[in-house]
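This report refers to the structure that appears directly beneath it.
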Amino acid sequence: MQNTHKDQVVIVTGGAGGIGSRIANTFAAQGAKVVIASRNVEKLNQVAGEIEGQGLVCLPLACDVTDPEQVEKLMADTEAKFGSINVMVNNAGGAMFVKPPEKLRPEQWQAAIDLNLNSVFYCSAAAGQRMIEQGSGRIINISSVAGVKNSPAFVHYGAAKAGVINLTKSMAVCWGPHNINVNCIAPGLTATEGVAQWLPPKTQEDGSPVPPLEYPPDPQNVADLTLFLASPGSARISGEIFPIRALNEIV
């Protein structure tokens with residue numbers, strides 16, 4: 001079977017994190033030319049080194065995706081290196097502050113909206129302009145189930161992620177005539193190292209294992225879905241949201 005991802009140029013923001021690094025690894029393993037972006041330069045270089053150590057292609061580029069000028073430079077540097085941008089994965093984000101709304105400071109609200117929503121617009125607009133010129137492209141936004149249910153512990157995060165979902169649907173309509181697919185993945189609690197303390201036990205009270213579909217997904221599950229949304233198999237899918245979470249996590 002032909003490898004449809006070979007030589008695809010893929011940008012992954014938040015590429016140094018648990019989900020982002022797994023997405024980058026998965027695309028690189030399929031022969032894609034992967035660009036990972038993050039503010040964490042040390043971790044960024046570490047992830048890139050691990051991917052390149054497997055004989056795969058990965059370019060680490062430091063970027064603050066809340067800064068439109070840095071985002072534009074990310075796109076320009078990617079084009080300069082690889083000639084085009086085929087897939088834009090907007091993965092950067094984070095809950096940042098866990099507190100009730102009355103204790104959330106205006107600057108904290110703004111920081112959360114900048115990272116979780118504005119960055120998606122900046123990256124999508126910059127990549128989308130180039131995809132329009134080339135007549136094709138895939139944009140995959142990583143939102144959260146927090147964007148489709150109440151999020152009392154972090155209203156700022158839920159509001160931003162809900163915005164990402166609506167932005168996805170609107171951009172899909174705007175760019176459909178240019179053969180650009182725009183879709184959204186909404187993970188629930190995902191088994192990354194960063195949330196290990198919140199993960200439920202893997203065994204039930206009787207000692208039997210928790211059924212896989214009832215346990216939080218692994219970052220690889222998110223990466224596999226991202227890969228599918230960048231493949232020919234999803235050519236007629238756009239403007240959709242794909243929750244990926246444990247069955248007992250209410251959405």
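Lettering and numbering for the structure tokens are positional, with chains as A, B, ... in the shown order, residues counted from 1 in each chain, and ligands counted from 1 in the shown order.
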Hey, could you make a per-residue contact list for segment 57-103 of chain A against segment 31-34 of chain A with 7 Å as the cut-off, showing the nearest pair of atoms and its distance in Å to one decimal, counting only C-alpha atoms, sorted by chain and number, as JSON lines?
{"residue": "A:Val57", "atom": "CA", "partner": "A:Lys33", "partner_atom": "CA", "distance": 5.3}
{"residue": "A:Cys58", "atom": "CA", "partner": "A:Val34", "partner_atom": "CA", "distance": 4.7}
{"residue": "A:Leu59", "atom": "CA", "partner": "A:Val34", "partner_atom": "CA", "distance": 6.2}
Those same residues - N, CA and C atoms - I'd like them written as a CSV table (one decimal), in the first residue's frame.
chain,number,residue,atom,x,y,z
A,57,VAL,N,12.6,12.8,9.7
A,57,VAL,CA,12.8,14.2,9.4
A,57,VAL,C,12.0,15.0,10.4
A,58,CYS,N,12.7,15.9,11.2
A,58,CYS,CA,12.0,16.7,12.1
A,58,CYS,C,12.8,18.0,12.3
A,59,LEU,N,12.1,19.2,12.1
A,59,LEU,CA,12.7,20.5,12.2
A,59,LEU,C,12.1,21.2,13.4
>> For Val35 of chain A, find every residue with an atom within 12 Å (counting only C-alpha atoms), except residues of its own chain fewer than 5 positions away, and show them as a VMD selection string.
In response: chain A and resid 8 to 16 20 to 21 23 to 25 27 to 28 44 to 45 47 to 48 51 to 52 56 to 63 74 to 79 81 to 82 84 to 89
Selected residues written out with N, CA and C atoms, as a short mmCIF file (atom, residue, chain, number, x, y, z; two decimals), in the first residue's frame:
data_model
loop_
_atom_site.label_atom_id
_atom_site.label_comp_id
_atom_site.auth_asym_id
_atom_site.auth_seq_id
_atom_site.Cartn_x
_atom_site.Cartn_y
_atom_site.Cartn_z
N GLN A 8 4.81 14.60 3.06
CA GLN A 8 3.89 15.65 3.52
C GLN A 8 4.66 16.58 4.45
N VAL A 9 4.42 17.88 4.32
CA VAL A 9 5.03 18.85 5.23
C VAL A 9 4.00 19.18 6.30
N VAL A 10 4.32 18.84 7.54
CA VAL A 10 3.37 18.92 8.65
C VAL A 10 3.93 19.81 9.76
N ILE A 11 3.17 20.82 10.15
CA ILE A 11 3.54 21.65 11.30
C ILE A 11 2.69 21.23 12.50
N VAL A 12 3.34 21.00 13.63
CA VAL A 12 2.64 20.65 14.86
C VAL A 12 3.01 21.68 15.93
N THR A 13 2.05 22.49 16.35
CA THR A 13 2.33 23.43 17.44
C THR A 13 2.18 22.68 18.77
N GLY A 14 2.82 23.22 19.80
CA GLY A 14 2.83 22.47 21.05
C GLY A 14 3.54 21.13 20.85
N GLY A 15 4.51 21.13 19.95
CA GLY A 15 5.16 19.89 19.53
C GLY A 15 6.07 19.27 20.57
N ALA A 16 6.32 19.99 21.66
CA ALA A 16 7.19 19.45 22.71
C ALA A 16 6.39 18.76 23.81
N GLY A 20 1.43 16.52 21.48
CA GLY A 20 2.10 17.08 20.31
C GLY A 20 3.30 16.25 19.86
N SER A 21 4.12 15.80 20.80
CA SER A 21 5.29 15.01 20.44
C SER A 21 4.89 13.67 19.85
N ILE A 23 2.06 13.13 18.15
CA ILE A 23 1.58 13.44 16.79
C ILE A 23 2.77 13.58 15.86
N ALA A 24 3.79 14.31 16.30
CA ALA A 24 4.98 14.52 15.46
C ALA A 24 5.66 13.20 15.15
N ASN A 25 5.84 12.37 16.16
CA ASN A 25 6.47 11.06 15.96
C ASN A 25 5.69 10.21 14.96
N PHE A 27 3.55 11.15 12.51
CA PHE A 27 3.68 11.62 11.13
C PHE A 27 5.08 11.33 10.58
N ALA A 28 6.11 11.57 11.39
CA ALA A 28 7.49 11.33 10.93
C ALA A 28 7.70 9.87 10.59
N LEU A 44 11.85 21.04 23.02
CA LEU A 44 11.66 20.99 21.57
C LEU A 44 12.83 20.28 20.91
N ASN A 45 14.03 20.68 21.27
CA ASN A 45 15.23 20.06 20.69
C ASN A 45 15.36 18.60 21.11
N VAL A 47 12.82 16.48 21.71
CA VAL A 47 11.87 15.71 20.91
C VAL A 47 12.38 15.55 19.48
N ALA A 48 12.89 16.64 18.91
CA ALA A 48 13.42 16.58 17.54
C ALA A 48 14.59 15.61 17.46
N ILE A 51 13.37 12.03 17.35
CA ILE A 51 12.79 11.67 16.05
C ILE A 51 13.89 11.51 15.01
N GLU A 52 14.83 12.45 14.97
CA GLU A 52 15.91 12.37 13.99
C GLU A 52 16.81 11.17 14.26
N LEU A 56 14.49 9.85 10.88
CA LEU A 56 13.32 10.53 10.36
C LEU A 56 13.56 12.03 10.30
N VAL A 57 12.64 12.76 9.67
CA VAL A 57 12.82 14.19 9.45
C VAL A 57 12.00 15.00 10.45
N CYS A 58 12.68 15.88 11.18
CA CYS A 58 11.98 16.74 12.13
C CYS A 58 12.77 18.03 12.31
N LEU A 59 12.10 19.15 12.10
CA LEU A 59 12.71 20.46 12.24
C LEU A 59 12.11 21.18 13.44
N PRO A 60 12.89 21.46 14.49
CA PRO A 60 12.37 22.20 15.63
C PRO A 60 12.49 23.71 15.40
N LEU A 61 11.39 24.43 15.60
CA LEU A 61 11.40 25.88 15.44
C LEU A 61 10.76 26.53 16.66
N ALA A 62 11.54 27.33 17.37
CA ALA A 62 11.00 28.04 18.52
C ALA A 62 9.96 29.05 18.06
N CYS A 63 8.81 29.04 18.71
CA CYS A 63 7.75 29.96 18.31
C CYS A 63 6.75 30.15 19.44
N LEU A 74 7.25 31.35 11.52
CA LEU A 74 7.18 29.89 11.53
C LEU A 74 6.77 29.36 10.16
N MET A 75 5.77 29.98 9.56
CA MET A 75 5.31 29.56 8.24
C MET A 75 6.38 29.81 7.18
N ALA A 76 6.99 30.99 7.23
CA ALA A 76 8.01 31.34 6.24
C ALA A 76 9.22 30.43 6.35
N ASP A 77 9.65 30.13 7.57
CA ASP A 77 10.81 29.26 7.75
C ASP A 77 10.51 27.83 7.29
N THR A 78 9.27 27.39 7.51
CA THR A 78 8.87 26.05 7.05
C THR A 78 8.90 25.99 5.53
N GLU A 79 8.34 27.01 4.89
CA GLU A 79 8.35 27.06 3.41
C GLU A 79 9.77 27.13 2.88
N LYS A 81 12.42 25.91 4.13
CA LYS A 81 13.09 24.62 4.31
C LYS A 81 12.49 23.53 3.43
N PHE A 82 11.16 23.47 3.37
CA PHE A 82 10.51 22.32 2.71
C PHE A 82 9.66 22.68 1.49
N SER A 84 6.62 23.97 1.07
CA SER A 84 5.16 24.08 1.16
C SER A 84 4.71 23.71 2.57
N ILE A 85 3.40 23.84 2.80
CA ILE A 85 2.79 23.39 4.05
C ILE A 85 1.54 22.61 3.68
N ASN A 86 1.54 21.32 3.97
CA ASN A 86 0.40 20.47 3.61
C ASN A 86 -0.58 20.27 4.76
N VAL A 87 -0.05 20.19 5.99
CA VAL A 87 -0.89 19.91 7.15
C VAL A 87 -0.51 20.84 8.29
N MET A 88 -1.52 21.50 8.86
CA MET A 88 -1.31 22.37 10.02
C MET A 88 -2.06 21.76 11.20
N VAL A 89 -1.32 21.34 12.23
CA VAL A 89 -1.94 20.78 13.43
C VAL A 89 -1.81 21.78 14.56
#
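Proximity ranking of A:Glu205, A:Asp7, A:Glu240, A:Asp218 relative to Gly83 of chain A places A:Asp7 first, based on only C-alpha atoms.
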>> Can you tell me which residues surround Ile139 of chain A at a distance of at most 10 Å, considering only C-alpha atoms, apart from same-chain residues fewer than 6 positions away, and format the answer as a list in words?
In response: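 Counting only the stated atoms, we get Val10, Ile11, Asn86, Val87, Met88, Val89, Asn90, Val120, Cys123, Ser124, Ala127, Gly128, Met131, Thr168, Met171, Ala172, Ile180, Asn181, Val182, Asn183, Cys184, Thr226, Leu229, Ala230 and Ser238 of chain A.
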> Hey, what's within 9 Å of Ala95 of chain A if we count only C-alpha atoms and toss same-chain stuff fewer than 6 positions away? As a list in words, please?
Replying inline: Ala112, Asn116, Phe154, His156, Tyr157 and Gly158 of chain A
> Just asking: which residues within segment 3-66 of chain A are helix (DSSP H, G or I) according to DSSP, as a PyMOL selection string?
Replying inline: chain A and resi 18-29+41-52
>> Write out as a count of residues only the set of residues from segment 54-165 of chain A that DSSP, computed on the backbone, places in strand (DSSP E).
In response: 15
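What separates atom CA of Val41 of chain A from atom CA of Gln54 of chain A is a distance of 20.3 Å.
Considering the residues A:Ile185, A:Leu117, A:Val71, A:Ala162 and counting only C-alpha atoms, Leu227 of chain A has its shortest atom-to-atom contact with A:Ile185.
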> What is the atom CA of Leu247 of chain A to atom CA of Ile165 of chain A distance in Å?
Replying inline: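 The value is 20.7 Å.
Residues surrounding Thr4 of chain A within 9 Å are Gln30, Gly31, Ser231 and Pro232 of chain A [only C-alpha atoms; sequence separation below 5 positions excluded].
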Same residues, N, CA and C atoms, output as an mmCIF file, in the first residue's frame:
data_model
loop_
_atom_site.group_PDB
_atom_site.id
_atom_site.type_symbol
_atom_site.label_atom_id
_atom_site.label_comp_id
_atom_site.auth_asym_id
_atom_site.auth_seq_id
_atom_site.Cartn_x
_atom_site.Cartn_y
_atom_site.Cartn_z
ATOM 1 N N GLN A 30 5.686 7.965 9.327
ATOM 2 C CA GLN A 30 5.035 7.705 8.039
ATOM 3 C C GLN A 30 5.744 8.395 6.877
ATOM 4 N N GLY A 31 6.898 8.994 7.157
ATOM 5 C CA GLY A 31 7.681 9.614 6.100
ATOM 6 C C GLY A 31 7.421 11.080 5.871
ATOM 7 N N SER A 231 -5.218 12.200 5.859
ATOM 8 C CA SER A 231 -5.062 11.153 4.840
ATOM 9 C C SER A 231 -6.158 11.234 3.778
ATOM 10 N N PRO A 232 -5.969 10.553 2.654
ATOM 11 C CA PRO A 232 -7.003 10.529 1.612
ATOM 12 C C PRO A 232 -8.323 9.948 2.102
#
> Hey, which of A:Lys149, A:His5, A:Arg22, A:Arg245 ends up closest to Gly233 of chain A? Count only C-alpha atoms.
Replying inline: A:His5
>> Here is a test: counting only C-alpha atoms, which residue of A:Asn91, A:Asn179, A:Gln108, A:Gln220 is nearest to Lys161 of chain A?
In response: A:Asn91
> From the list A:Asn248, A:Thr26, A:Asn166, A:Ser38, which residue is nearest Gly147 of chain A when using only C-alpha atoms?
Replying inline: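 Residue with the minimum atom-to-atom distance to Gly147 of chain A: A:Asn166.
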